[in-house]
Structure formats: C-alpha cells, structure tokens
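S.K.: Below you'll find coords.txt; it's compact mmCIF, C-alpha atoms.
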# COMPACT_ATOMS: atom_id res chain seq x y z
CA SER X 77 0.00 0.00 0.00
CA PHE X 78 1.03 3.66 -0.34
CA GLY X 79 1.07 3.96 3.45
CA ASN X 80 3.49 1.07 3.92
CA ALA X 81 5.70 2.33 1.11
CA ALA X 82 5.86 5.71 2.81
CA SER X 83 6.72 4.03 6.11
CA PHE X 84 9.61 2.18 4.46
CA MET X 85 11.01 5.28 2.76
CA LEU X 86 10.94 7.38 5.95
CA GLU X 87 12.41 4.60 8.06
CA GLU X 88 15.20 3.79 5.65
CA THR X 89 16.26 7.24 4.54
CA GLY X 90 15.81 9.34 7.67
CA ASP X 91 16.18 12.22 5.22
CA SER X 92 14.63 15.56 6.24
CA ALA X 93 14.07 16.35 2.55
CA VAL X 94 11.96 13.18 2.18
CA LEU X 95 10.03 14.11 5.31
CA LYS X 96 9.42 17.62 3.95
CA TRP X 97 8.22 16.19 0.63
CA PHE X 98 5.63 14.01 2.37
CA VAL X 99 4.46 16.90 4.56
CA THR X 100 3.85 19.15 1.57
CA THR X 101 2.71 16.53 -0.95
CA ALA X 102 0.99 13.57 0.72
CA PRO X 103 1.19 13.70 4.52
CA GLU X 104 -2.12 11.86 4.95
CA ILE X 105 -0.57 8.75 3.40
CA VAL X 106 2.08 8.56 6.09
CA VAL X 107 -0.33 9.24 8.96
CA GLN X 108 -2.47 6.32 7.82
CA SER X 109 0.55 4.07 7.36
CA GLU X 110 1.98 1.31 9.54
CA SER X 111 3.40 3.79 12.01
CA ALA X 112 5.20 1.08 14.01
CA LEU X 113 7.67 0.89 11.13
CA ILE X 114 8.63 4.52 11.63
CA PRO X 115 10.74 5.61 14.64
CA ILE X 116 8.74 7.61 17.16
CA GLU X 117 11.05 10.59 16.72
CA THR X 118 10.20 10.68 13.01
CA ARG X 119 6.48 10.34 13.70
CA VAL X 120 6.52 13.20 16.20
CA ALA X 121 8.53 15.35 13.78
CA LEU X 122 6.03 14.62 11.01
CA VAL X 123 2.99 15.60 13.10
CA LYS X 124 4.73 18.79 14.26
CA ALA X 125 5.58 19.62 10.66
CA ILE X 126 1.99 19.00 9.52
CA ILE X 127 0.64 21.28 12.23
CA ASP X 128 3.22 23.98 11.52
CA ASP X 129 2.44 23.78 7.82
CA HIS X 130 -1.27 24.30 8.49
CA LYS X 131 -0.48 27.23 10.79
CA LYS X 132 1.67 28.95 8.13
CA ARG X 133 -1.03 28.52 5.51
CA GLY X 134 -3.78 29.71 7.86
CA ALA X 135 -5.50 26.34 7.44
CA THR X 136 -7.10 24.32 10.22
CA LEU X 137 -6.85 20.64 11.05
CA VAL X 138 -10.33 20.57 12.54
CA TRP X 139 -12.09 20.94 9.20
CA GLY X 140 -9.27 19.60 7.04
CA LYS X 141 -8.51 16.18 5.62
CA PHE X 142 -6.78 14.98 8.77
CA ASN X 143 -8.45 13.09 11.56
CA THR X 144 -7.07 14.61 14.76
CA HIS X 145 -7.43 11.28 16.53
CA GLU X 146 -5.28 9.62 13.83
CA LEU X 147 -2.60 12.28 14.18
CA ALA X 148 -2.44 11.77 17.95
CA ARG X 149 -2.27 8.00 17.72
CA PHE X 150 0.29 8.13 14.93
CA ALA X 151 2.75 10.00 17.17
CA ASP X 152 1.50 9.10 20.66
CA ALA X 153 4.35 10.32 22.86
CA PRO X 154 4.81 12.59 25.91
CA ASN X 155 7.06 15.01 24.04
CA LEU X 156 4.33 15.53 21.40
CA LEU X 157 1.83 16.27 24.17
CA SER X 158 4.19 18.75 25.81
CA TRP X 159 4.80 20.50 22.51
CA LEU X 160 1.07 20.72 21.72
CA LEU X 161 0.32 22.26 25.11
CA GLU X 162 3.14 24.80 24.83
CA GLU X 163 1.93 25.76 21.37
CA ALA X 164 -1.63 26.08 22.64
CA LYS X 165 -0.62 28.33 25.56
CA ARG X 166 0.77 30.99 23.26
CA MET X 167 -1.63 30.50 20.34
CA GLU X 168 -3.75 33.56 19.54
CA ASP X 169 -5.52 32.15 16.50
CA LEU X 170 -8.56 30.45 18.05
CA ARG X 171 -9.12 28.06 15.16
CA HIS X 172 -5.56 26.78 15.38
CA LEU X 173 -5.84 26.61 19.16
CA ALA X 174 -8.83 24.30 18.69
CA SER X 175 -6.78 22.14 16.31
CA LEU X 176 -3.99 21.78 18.86
CA ILE X 177 -6.39 20.85 21.64
CA ARG X 178 -8.22 18.34 19.48
CA VAL X 179 -4.97 16.54 18.75
CA ALA X 180 -3.68 16.80 22.32
CA GLN X 181 -6.84 15.34 23.86
CA HIS X 182 -6.20 12.03 22.10
CA VAL X 183 -2.54 11.71 23.15
CA THR X 184 -1.95 9.33 26.05
CA VAL X 185 -1.31 11.34 29.23
CA PRO X 186 1.52 9.93 31.40
CA PRO X 187 0.64 9.90 35.14
CA GLU X 188 3.34 12.46 35.89
CA MET X 189 1.74 14.91 33.43
CA ALA X 190 -1.89 14.40 34.50
CA ASP X 191 -2.12 17.40 36.85
CA GLN X 192 -0.44 19.70 34.35
CA VAL X 193 -2.65 18.66 31.44
CA ARG X 194 -5.82 18.70 33.55
CA GLY X 195 -4.96 22.15 34.81
CA PHE X 196 -4.47 23.52 31.32
CA TYR X 197 -7.74 22.12 29.97
CA LEU X 198 -9.58 23.41 33.03
CA SER X 199 -8.00 26.85 32.60
CA LEU X 200 -9.48 27.02 29.09
CA PHE X 201 -12.93 26.45 30.51
CA ARG X 202 -12.49 28.94 33.34
CA ASP X 203 -11.34 31.75 31.06
CA ASP X 204 -14.67 33.52 30.60
CA LYS X 205 -13.04 36.11 28.35
CA ARG X 206 -12.83 33.49 25.62
CA PRO X 207 -15.81 32.58 23.40
CA LEU X 208 -17.90 29.74 24.83
CA TRP X 209 -16.99 27.40 21.98
CA VAL X 210 -13.30 27.67 22.94
CA ARG X 211 -14.10 27.03 26.60
CA LEU X 212 -16.06 23.97 25.51
CA GLU X 213 -12.93 22.63 23.82
CA GLY X 214 -11.38 22.48 27.29
CA VAL X 215 -14.33 20.50 28.66
CA ALA X 216 -14.27 18.13 25.68
CA ALA X 217 -10.54 17.59 26.19
CA LEU X 218 -11.13 16.68 29.85
CA SER X 219 -13.68 14.10 28.67
CA HIS X 220 -11.57 12.59 25.90
CA SER X 221 -8.45 12.37 28.05
CA ARG X 222 -10.38 10.96 31.04
CA LEU X 223 -8.95 13.68 33.29
CA GLY X 224 -12.19 14.98 34.77
CA THR X 225 -13.05 14.67 38.47
CA LYS X 226 -16.26 14.95 40.48
CA ASP X 227 -15.25 18.43 41.63
CA ILE X 228 -14.71 19.55 38.04
CA VAL X 229 -18.07 18.10 36.99
CA ALA X 230 -19.74 19.98 39.86
CA GLU X 231 -18.05 23.23 38.77
CA ILE X 232 -19.13 22.84 35.16
CA ILE X 233 -22.68 21.81 36.11
CA LYS X 234 -22.95 24.92 38.28
CA ALA X 235 -21.75 27.12 35.42
CA ALA X 236 -24.12 25.39 33.00
CA ARG X 237 -27.09 25.89 35.32
CA GLY X 238 -26.24 29.57 35.53
CA SER X 239 -26.18 29.99 31.77
CA THR X 240 -28.71 27.26 30.77
CA ASP X 241 -26.58 26.88 27.63
CA ALA X 242 -27.48 23.62 25.88
CA GLU X 243 -23.97 22.97 24.54
CA LEU X 244 -22.41 23.47 27.97
CA LEU X 245 -24.95 21.18 29.63
CA ALA X 246 -24.33 18.51 26.98
CA ALA X 247 -20.58 18.79 27.61
CA ALA X 248 -21.18 18.47 31.37
CA TYR X 249 -23.22 15.29 30.89
CA ARG X 250 -20.47 13.83 28.67
CA LEU X 251 -17.83 14.61 31.27
CA MET X 252 -20.05 13.07 33.94
CA ARG X 253 -20.01 9.78 32.03
CA THR X 254 -16.27 9.73 31.45
CA CYS X 255 -15.71 10.46 35.16
CA LYS X 256 -18.00 7.54 36.08
CA CYS X 257 -19.93 9.72 38.52
CA VAL X 258 -23.39 9.72 36.98
CA ASP X 259 -25.13 8.43 40.12
CA GLU X 260 -23.76 11.27 42.25
CA PHE X 261 -25.28 13.87 39.92
CA ILE X 262 -28.62 12.22 39.21
CA GLU X 263 -30.62 15.16 40.58
CA ASP X 264 -28.83 17.48 38.14
CA VAL X 265 -29.59 15.08 35.30
CA LEU X 266 -33.29 14.92 36.17
CA ALA X 267 -33.44 18.71 36.40
CA GLY X 268 -31.70 18.79 33.01
CA ILE X 269 -34.49 16.72 31.47
CA ARG X 270 -36.97 19.50 32.20
CA THR X 271 -34.56 22.04 30.70
CA ALA X 272 -33.93 19.92 27.59
CA ARG X 273 -37.66 19.75 26.87
CA GLY X 274 -37.86 23.53 26.60
CA PRO X 275 -37.69 25.66 23.44
CA ASN X 276 -34.50 26.32 21.48
CA ARG X 277 -32.60 23.29 22.76
CA ILE X 278 -30.22 21.07 20.76
CA ILE X 279 -30.42 17.37 19.94
CA ASN X 280 -26.98 16.73 21.50
CA GLU X 281 -28.34 17.71 24.89
CA ARG X 282 -31.03 15.03 24.82
CA MET X 283 -28.64 12.50 23.33
CA GLU X 284 -26.17 13.02 26.18
CA ILE X 285 -28.96 12.70 28.78
CA ARG X 286 -29.98 9.38 27.21
CA GLU X 287 -26.37 8.20 27.41
CA VAL X 288 -26.14 9.32 31.06
CA LEU X 289 -29.32 7.45 31.97
CA SER X 290 -27.91 4.29 30.41
CA GLU X 291 -25.10 4.40 33.00
CA VAL X 292 -27.18 4.83 36.16
CA THR X 293 -26.37 1.91 38.49
CA SER X 294 -26.84 2.75 42.19
CA PRO X 295 -30.14 1.67 43.81
CA LEU X 296 -30.97 5.21 44.93
CA ALA X 297 -30.31 6.72 41.49
CA LEU X 298 -32.27 3.97 39.73
CA ILE X 299 -35.26 4.58 42.00
CA ARG X 300 -35.09 8.34 41.45
CA VAL X 301 -35.13 7.87 37.66
CA CYS X 302 -38.06 5.45 37.83
CA ASP X 303 -40.07 7.79 40.03
CA TYR X 304 -39.27 10.78 37.85
CA PHE X 305 -40.60 9.09 34.72
CA ALA X 306 -43.54 7.60 36.62
CA LYS X 307 -44.57 11.17 37.48
CA ASN X 308 -43.59 12.54 34.05
CA PRO X 309 -44.30 9.71 31.56
CA ALA X 310 -44.52 12.14 28.64
CA SER X 311 -40.84 12.90 29.17
CA LEU X 312 -39.97 9.39 28.02
CA ASN X 313 -41.36 10.02 24.55
CA ASP X 314 -39.83 13.49 24.37
CA LEU X 315 -36.42 12.30 25.51
CA PHE X 316 -36.05 8.87 23.95
CA LEU X 317 -38.17 9.33 20.81
CA SER X 318 -37.61 6.03 18.96
CA ASP X 319 -34.57 5.08 21.02
CA ASP X 320 -34.61 2.01 23.21
CA PHE X 321 -34.98 2.33 26.98
CA SER X 322 -33.52 -1.13 27.50
CA ALA X 323 -30.05 0.00 28.65
CA PHE X 324 -31.55 1.58 31.77
CA VAL X 325 -33.62 -1.55 32.42
CA GLU X 326 -30.53 -3.74 32.01
CA ASN X 327 -28.74 -1.68 34.67
CA ALA X 328 -31.73 -2.04 36.99
CA LEU X 329 -31.63 -5.78 36.36
CA ALA X 330 -27.93 -6.05 37.15
CA THR X 331 -28.27 -4.00 40.34
CA TYR X 332 -31.36 -5.93 41.49
CA ARG X 333 -29.64 -9.26 40.92
CA SER X 334 -26.60 -8.20 42.94
CA GLN X 335 -28.66 -6.40 45.61
CA PRO X 336 -32.26 -7.72 45.60
CA SER X 337 -34.38 -4.86 46.89
CA ASP X 338 -38.10 -4.31 47.37
CA ASN X 339 -37.41 -0.62 46.77
CA ILE X 340 -36.03 -1.23 43.27
CA PHE X 341 -38.85 -3.68 42.51
CA GLY X 342 -41.43 -1.17 43.74
CA ALA X 343 -39.93 1.64 41.68
CA MET X 344 -40.00 -0.50 38.54
CA ILE X 345 -43.65 -1.39 39.24
CA ARG X 346 -44.59 2.28 39.61
CA LEU X 347 -42.87 3.12 36.32
CA TYR X 348 -44.40 0.08 34.61
CA LEU X 349 -47.94 0.97 35.63
CA GLU X 350 -47.58 4.53 34.36
CA VAL X 351 -46.23 3.60 30.92
CA ALA X 352 -48.95 0.97 30.62
CA GLU X 353 -51.62 3.47 31.72
CA HIS X 354 -50.41 5.86 29.00
CA HIS X 355 -50.20 3.03 26.44
CA GLN X 356 -46.52 3.69 25.68
CA ASP X 357 -46.05 0.29 24.11
CA LYS X 358 -42.32 0.47 23.39
CA PHE X 359 -41.59 1.36 27.02
CA VAL X 360 -44.06 -1.21 28.34
CA SER X 361 -42.11 -4.01 26.65
CA SER X 362 -38.75 -2.64 27.82
CA VAL X 363 -39.77 -2.31 31.47
CA ALA X 364 -41.68 -5.63 31.41
CA ASN X 365 -38.37 -7.30 30.60
CA PHE X 366 -37.20 -6.49 34.15
CA PHE X 367 -39.91 -8.73 35.62
CA VAL X 368 -39.44 -11.41 32.98
CA GLN X 369 -35.67 -11.60 33.52
CA THR X 370 -35.97 -11.61 37.33
CA GLY X 371 -38.77 -14.19 37.29
CA THR X 372 -41.05 -11.84 39.22
CA GLN X 373 -44.01 -11.80 36.82
CA GLN X 374 -46.44 -13.15 39.42
CA ALA X 375 -45.28 -10.66 42.04
CA ALA X 376 -45.69 -7.91 39.45
CA VAL X 377 -49.25 -9.00 38.65
CA ASP X 378 -50.10 -9.13 42.36
CA HIS X 379 -49.03 -5.49 42.66
CA ILE X 380 -50.82 -4.49 39.46
CA LEU X 381 -54.12 -5.96 40.67
CA THR X 382 -54.00 -3.89 43.85
CA THR X 383 -53.58 -0.66 41.87
CA GLN X 384 -56.60 1.09 40.40
CA THR X 385 -56.09 2.62 36.95
CA LYS X 386 -58.31 5.23 35.37
CA ASP X 387 -60.01 2.98 32.83
CA GLY X 388 -58.75 -0.51 33.61
CA LEU X 389 -57.09 -0.77 30.21
CA GLY X 390 -53.72 0.11 31.72
CA THR X 391 -54.14 -2.77 34.19
CA ALA X 392 -54.83 -5.19 31.37
CA GLU X 393 -51.94 -3.93 29.27
CA ALA X 394 -49.53 -4.21 32.20
CA ILE X 395 -50.61 -7.79 32.90
CA VAL X 396 -50.34 -8.77 29.23
CA GLY X 397 -46.75 -7.47 29.17
CA VAL X 398 -45.64 -10.01 31.79
CA ALA X 399 -48.18 -12.77 31.09
CA THR X 400 -47.18 -16.42 31.14
CA ARG X 401 -49.46 -19.46 31.23
CA PRO X 402 -48.95 -19.93 35.00
CA VAL X 403 -49.72 -16.23 35.58
CA LEU X 404 -52.91 -16.41 33.51
CA GLU X 405 -53.90 -19.70 35.13
CA GLU X 406 -53.58 -18.03 38.54
CA LEU X 407 -55.82 -15.18 37.34
CA ILE X 408 -58.45 -17.69 36.24
CA ARG X 409 -58.24 -19.41 39.64
CA ARG X 410 -58.76 -16.09 41.38
CA TYR X 411 -61.68 -15.31 39.09
CA GLN X 412 -63.28 -18.59 40.06
CA GLY X 413 -62.74 -17.63 43.70
CA LYS X 414 -64.38 -14.25 42.98
CA GLU X 415 -61.12 -12.39 43.73
CA VAL X 416 -60.78 -11.04 40.16
CA ASP X 417 -63.52 -9.41 38.12
CA GLN X 418 -64.55 -10.93 34.80
CA LEU X 419 -64.02 -7.54 33.12
CA ILE X 420 -60.27 -7.74 33.81
CA LEU X 421 -60.04 -11.12 32.09
CA GLU X 422 -61.96 -9.79 29.09
CA ARG X 423 -59.71 -6.77 28.80
CA ILE X 424 -56.61 -8.97 29.06
CA ARG X 425 -57.97 -11.17 26.27
CA ASN X 426 -58.66 -8.12 24.10
CA ARG X 427 -55.15 -6.71 24.67
CA MET X 428 -53.27 -9.94 23.94
CA PRO X 429 -51.58 -10.21 20.52
CA PRO X 430 -52.60 -13.07 18.21
CA GLY X 431 -50.77 -16.32 18.83
CA GLU X 432 -50.68 -19.54 20.79
CA MET X 433 -50.93 -17.81 24.16
CA LEU X 434 -54.12 -16.00 23.16
CA ASP X 435 -55.65 -19.17 21.68
CA TRP X 436 -54.90 -21.08 24.86
CA PHE X 437 -56.30 -18.30 27.08
CA VAL X 438 -59.54 -18.08 25.07
CA THR X 439 -59.95 -21.85 25.35
CA ARG X 440 -59.44 -21.77 29.13
CA LEU X 441 -61.95 -18.94 29.54
CA GLU X 442 -64.52 -20.94 27.56
CA GLU X 443 -63.87 -23.95 29.77
CA VAL X 444 -64.46 -21.87 32.89
CA ASP X 445 -67.52 -20.03 31.50
CA PRO X 446 -68.95 -22.28 28.75
Output the file's structure in the form of structure tokens.
M.R.:
Amino acid sequence: SFGNAASFMLEETGDSAVLKWFVTTAPEIVVQSESALIPIETRVALVKAIIDDHKKRGATLVWGKFNTHELARFADAPNLLSWLLEEAKRMEDLRHLASLIRVAQHVTVPPEMADQVRGFYLSLFRDDKRPLWVRLEGVAALSHSRLGTKDIVAEIIKAARGSTDAELLAAAYRLMRTCKCVDEFIEDVLAGIRTARGPNRIINERMEIREVLSEVTSPLALIRVCDYFAKNPASLNDLFLSDDFSAFVENALATYRSQPSDNIFGAMIRLYLEVAEHHQDKFVSSVANFFVQTGTQQAAVDHILTTQTKDGLGTAEAIVGVATRPVLEELIRRYQGKEVDQLILERIRNRMPPGEMLDWFVTRLEEVDP
C-alpha cells in the first residue's frame, strides 16, 4: 500500500528532505501508514511539521482532511503532548488553538503529566473572556483524556445551570459519564431533562442525557429515575423518541440481581404501571423485561391488581406485558374464587396479541364459562 511504502522510505532514509516532501505533498498517506515501522522521533517530527504547515497557511486541522485522533495515535508520545500544550498556551488564532487541543486530547497522558494537562484544559474552561466554543474545547478535552473529576463536573454543572446553555450542559453530561460519577449527579440530570424539553434546545443535549441514563447503576439513582418518569411519563417520549430504553432496564436488572431490593422492585412497578396506563407500548415491553428476567411476573401481577387505573385498560396492558401461562392460570383461579372481576379477564384477552398464548387463554376462559 502507499502507506506502507511511505513508512519504508521514511524509516530507511531518515532524510529531512523526504520528510518535507511528504508533509507538503501527501502527509495523509504517512499518517495512515503502519506507524510502528517509523521511529517515534520521526512520527513526532512529522505531526509537528503537519501542524506547523497548516499554521503557516492559515488552514485548520479541525475541518481539514486529517483526523485529529489519527494524528495523535500516529505520534503518541509525551514530548508531542508537551509540545502541543506549549503551542496552545501561546496561540492567539482560536481556530488553530482548537486544532492543537483536538490533537492533544487524544494523546496518552503519562501519570506524571496528568495534573499539568488537567490544569491547562480546566484553565481554558475557566477563562470567561474566551468565546464559549473555545471554553467547551477544554471541557471536551477533559472528557476525551479521562482527566475529569467529580469536583470539576460539579463546577461545570454549576456554570451550566447559571447559563442554561445547551452545549455546555451537553458537555457536562459527557464529562459526567467519562468520570464515572453519573449516580452522584442524578438530581442534576433529572433537572436537566426538564430544561432539555424547553424551546430552542439542541439534539446533543437530549442525546447526552440518554447516554447518562444508560449508565445509572446505584439503587438510589435507579429509584429516582423510575419515580421521575412515573410522574412525568410524557418525558420518556420526548427524551427517547424512537430510542430504546432497554439500557436503563438492564442496569436495573444487574443491580437488582446483585442487591435484591423491594425498593427497586417497587420503583419498577410504579414506572411500569404509568407507561402501561399511558399506552406507551415500546416502554411497556422494555420495562416488562425487568420482571421477565428476574422471574417476578407473578409478584408484578399481584401489585398491578392492587392498583386502580383510570379505565382498567392500563391494568390489562400491564398484565399482558408479563403474562405467562402460569400467571394467567392463577388469574383464572382467582376469578373462580371471585377475587378477580370478569371484566379484567376480558380486557386482558382483548389486549393480547394473536398467537398460541391467546388461543390457549380463550380456550381456558370458555372452559371456565362455557
């Protein structure tokens, strides 16, 4: 390939003229080459030369033909990171500053440089004299380099709340995920849902909230999310649109299995009843999977039967979502014992999809009431 041929030429010649030719003529070929064949010193020199060339021409890497991640991985070395940061500190051209940061954020940070690099990225965010988009580059760099902390997340969340800027909130949610501290900030996330549903918001904000919710794992945070959506079921449609809610349910499953809790079970029941009551079919099936996977369908039905819904249709839909033959057989037994009204059985039958289960249920009802 062209890339491997370029690797061989640079490795064998070590000629600065050859390096210069590639920089000016076809640098992208080398960056996409088998970089292991090229000494790290040569790779770093090539990336520096590419960046310097763009700076001289007033061009930018961000919107150019180079992938900044590829450049960083091609010459992943501490001395490249140091050089990028020094260049960024004295860079006045904001577009080129963004290019430098977007390369630097993908370079591996040695432990001994972590505080220095974190401090620089944080200083970009804190400099309120800069345009917001430049400050956001600092937050993004903290996320990509995994250098954020809970304290930094709290600082950025506070700033975002003060400005209600959608881009800043989205960046804060992303940093929250990379810091693995979603559970600690769940109240901020839930407050952010209300904000994201307002006018003039951006799709990235909702997307990041969905990603955050897929990483909720603590019992308390899981319960808070369930109760929030149980009280605000319309938010599910607004927030998730056609996206699956199953990642949150899978986390609830994993936590319940490791720490069986009536509180988690109760929260899932409350959420389940609300989405069934509002006939949100895609969420009914997702949440029902919690009871199916934990083998708690009968316990779920017992709770459902003690809860009055507005028209009874939500009760039937909730039962259908977790129905098995043993569950339905138990309902028929309770009907015979006058513990369950006939209307519930009829509504369950009417809500069941066509198939063997429905055929069997109809037959059993006819046997009980010929």
S.K.: Just checking: using all atoms listed in the file, which residue out of X:Val183, X:Ala216, X:Val193, X:Ile299 ends up closest to Glu162 (chain X)?
M.R.: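 Result for the nearest residue to Glu162 (chain X): X:Val193.
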S.K.: Around (-38.1, -2.6, 42.3) in the file's own coordinates, what residues are found within 12 Å if you use all atoms listed in the file, given back as a ChimeraX atom specification?
M.R.: /X:295-296,298-303,325,328-333,335-348,363-364,366-367,370,372,375-376,379
S.K.: Can you spit out the residues from that selection as a short mmCIF file (atom, residue, chain, number, x, y, z; two decimals), in the frame of the given file, using C-alpha atoms?
M.R.:
data_model
loop_
_atom_site.label_atom_id
_atom_site.label_comp_id
_atom_site.auth_asym_id
_atom_site.auth_seq_id
_atom_site.Cartn_x
_atom_site.Cartn_y
_atom_site.Cartn_z
CA PRO X 295 -30.14 1.67 43.81
CA LEU X 296 -30.97 5.21 44.93
CA LEU X 298 -32.27 3.97 39.73
CA ILE X 299 -35.26 4.58 42.00
CA ARG X 300 -35.09 8.34 41.45
CA VAL X 301 -35.13 7.87 37.66
CA CYS X 302 -38.06 5.45 37.83
CA ASP X 303 -40.07 7.79 40.03
CA VAL X 325 -33.62 -1.55 32.42
CA ALA X 328 -31.73 -2.04 36.99
CA LEU X 329 -31.63 -5.78 36.36
CA ALA X 330 -27.93 -6.05 37.15
CA THR X 331 -28.27 -4.00 40.34
CA TYR X 332 -31.36 -5.93 41.49
CA ARG X 333 -29.64 -9.26 40.92
CA GLN X 335 -28.66 -6.40 45.61
CA PRO X 336 -32.26 -7.72 45.60
CA SER X 337 -34.38 -4.86 46.89
CA ASP X 338 -38.10 -4.31 47.37
CA ASN X 339 -37.41 -0.62 46.77
CA ILE X 340 -36.03 -1.23 43.27
CA PHE X 341 -38.85 -3.68 42.51
CA GLY X 342 -41.43 -1.17 43.74
CA ALA X 343 -39.93 1.64 41.68
CA MET X 344 -40.00 -0.50 38.54
CA ILE X 345 -43.65 -1.39 39.24
CA ARG X 346 -44.59 2.28 39.61
CA LEU X 347 -42.87 3.12 36.32
CA TYR X 348 -44.40 0.08 34.61
CA VAL X 363 -39.77 -2.31 31.47
CA ALA X 364 -41.68 -5.63 31.41
CA PHE X 366 -37.20 -6.49 34.15
CA PHE X 367 -39.91 -8.73 35.62
CA THR X 370 -35.97 -11.61 37.33
CA THR X 372 -41.05 -11.84 39.22
CA ALA X 375 -45.28 -10.66 42.04
CA ALA X 376 -45.69 -7.91 39.45
CA HIS X 379 -49.03 -5.49 42.66
#
S.K.: Counting all atoms listed in the file, which residues sit no farther than 12 Å from the position (-55.4, 0.5, 28.4) in the file's frame? I'd like them as number ranges by chain.
M.R.: X: 349-357, 360, 385-397, 420, 423-424, 426-428
S.K.: Store the residues picked out above in a file with C-alpha atoms, as a PDB file, keeping the file's coordinate frame.
M.R.:
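The resulting out.pdb:
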ATOM      1  CA  LEU X 349     -47.940   0.970  35.630  1.00  0.00           C
ATOM      2  CA  GLU X 350     -47.580   4.530  34.360  1.00  0.00           C
ATOM      3  CA  VAL X 351     -46.230   3.600  30.920  1.00  0.00           C
ATOM      4  CA  ALA X 352     -48.950   0.970  30.620  1.00  0.00           C
ATOM      5  CA  GLU X 353     -51.620   3.470  31.720  1.00  0.00           C
ATOM      6  CA  HIS X 354     -50.410   5.860  29.000  1.00  0.00           C
ATOM      7  CA  HIS X 355     -50.200   3.030  26.440  1.00  0.00           C
ATOM      8  CA  GLN X 356     -46.520   3.690  25.680  1.00  0.00           C
ATOM      9  CA  ASP X 357     -46.050   0.290  24.110  1.00  0.00           C
ATOM     10  CA  VAL X 360     -44.060  -1.210  28.340  1.00  0.00           C
ATOM     11  CA  THR X 385     -56.090   2.620  36.950  1.00  0.00           C
ATOM     12  CA  LYS X 386     -58.310   5.230  35.370  1.00  0.00           C
ATOM     13  CA  ASP X 387     -60.010   2.980  32.830  1.00  0.00           C
ATOM     14  CA  GLY X 388     -58.750  -0.510  33.610  1.00  0.00           C
ATOM     15  CA  LEU X 389     -57.090  -0.770  30.210  1.00  0.00           C
ATOM     16  CA  GLY X 390     -53.720   0.110  31.720  1.00  0.00           C
ATOM     17  CA  THR X 391     -54.140  -2.770  34.190  1.00  0.00           C
ATOM     18  CA  ALA X 392     -54.830  -5.190  31.370  1.00  0.00           C
ATOM     19  CA  GLU X 393     -51.940  -3.930  29.270  1.00  0.00           C
ATOM     20  CA  ALA X 394     -49.530  -4.210  32.200  1.00  0.00           C
ATOM     21  CA  ILE X 395     -50.610  -7.790  32.900  1.00  0.00           C
ATOM     22  CA  VAL X 396     -50.340  -8.770  29.230  1.00  0.00           C
ATOM     23  CA  GLY X 397     -46.750  -7.470  29.170  1.00  0.00           C
ATOM     24  CA  ILE X 420     -60.270  -7.740  33.810  1.00  0.00           C
ATOM     25  CA  ARG X 423     -59.710  -6.770  28.800  1.00  0.00           C
ATOM     26  CA  ILE X 424     -56.610  -8.970  29.060  1.00  0.00           C
ATOM     27  CA  ASN X 426     -58.660  -8.120  24.100  1.00  0.00           C
ATOM     28  CA  ARG X 427     -55.150  -6.710  24.670  1.00  0.00           C
ATOM     29  CA  MET X 428     -53.270  -9.940  23.940  1.00  0.00           C
TER      30      MET X 428
END
S.K.: Given all atoms listed in the file as the basis, pick out the residue of X:Arg409, X:His145, X:His130, X:Lys414 nearest to Val444 (chain X).
M.R.: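 Selected residue with least distance to Val444 (chain X): X:Arg409.
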S.K.: So that I can check the surroundings of Val120 (chain X), please list as a short mmCIF file (atom, residue, chain, number, x, y, z; two decimals) with C-alpha atoms, in the frame of the given file every protein, DNA and RNA residue that reaches within 7 Å of it, counting all atoms listed in the file and ignoring chain neighbours fewer than 3 positions away.
M.R.:
data_model
loop_
_atom_site.label_atom_id
_atom_site.label_comp_id
_atom_site.auth_asym_id
_atom_site.auth_seq_id
_atom_site.Cartn_x
_atom_site.Cartn_y
_atom_site.Cartn_z
CA ILE X 116 8.74 7.61 17.16
CA GLU X 117 11.05 10.59 16.72
CA VAL X 123 2.99 15.60 13.10
CA LYS X 124 4.73 18.79 14.26
CA ALA X 151 2.75 10.00 17.17
CA LEU X 156 4.33 15.53 21.40
#
S.K.: What does the distance between CA of Arg277 (chain X) and CA of Ile232 (chain X) come to in Å, to one decimal place?
M.R.: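 Atom-to-atom, CA of Arg277 (chain X) to CA of Ile232 (chain X), that is 18.3 Å.
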S.K.: List the neighbours of region 267-269 of chain X out to 12 Å using all atoms listed in the file; skip same-chain residues closer than 2 positions along the sequence, and give me the result as a count of residues only.
M.R.: 42
S.K.: For Asn276 (chain X), which residue among X:Glu405, X:Glu243, X:Glu326, X:Asp259 is the nearest when counting all atoms listed in the file?
M.R.: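 Of X:Glu405, X:Glu243, X:Glu326, X:Asp259, the one nearest Asn276 (chain X) is X:Glu243, counting all atoms listed in the file.
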S.K.: Hey, can you check how far CA of Val229 (chain X) sits from CA of Arg202 (chain X)?
M.R.: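 Pair CA of Val229 (chain X) / CA of Arg202 (chain X) returns 12.7 Å.
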S.K.: Quick one: distance from CA of Ala121 (chain X) to CA of Tyr197 (chain X) in Å, one decimal?
M.R.: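 Computed distance, CA of Ala121 (chain X) to CA of Tyr197 (chain X), equals 23.9 Å.
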S.K.: Select, from X:Phe359, X:Ile177, X:Val107, X:His220, the residue with the minimum atom-to-atom distance to Glu146 (chain X), counting all atoms listed in the file.
M.R.: X:Val107
S.K.: Between X:Ala235, X:Arg222, X:Ser362, X:Phe150, which residue has the minimum interatomic distance to Ile114 (chain X), considering only C-alpha atoms?
M.R.: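 Result for the nearest residue to Ile114 (chain X): X:Phe150.
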S.K.: Name the closest residue to Asp191 (chain X) among the candidates X:Leu251, X:Ile228, X:Leu223, X:Leu441; distances are taken between atoms, counting all atoms listed in the file.
M.R.: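 Residue with the minimum atom-to-atom distance to Asp191 (chain X): X:Leu223.
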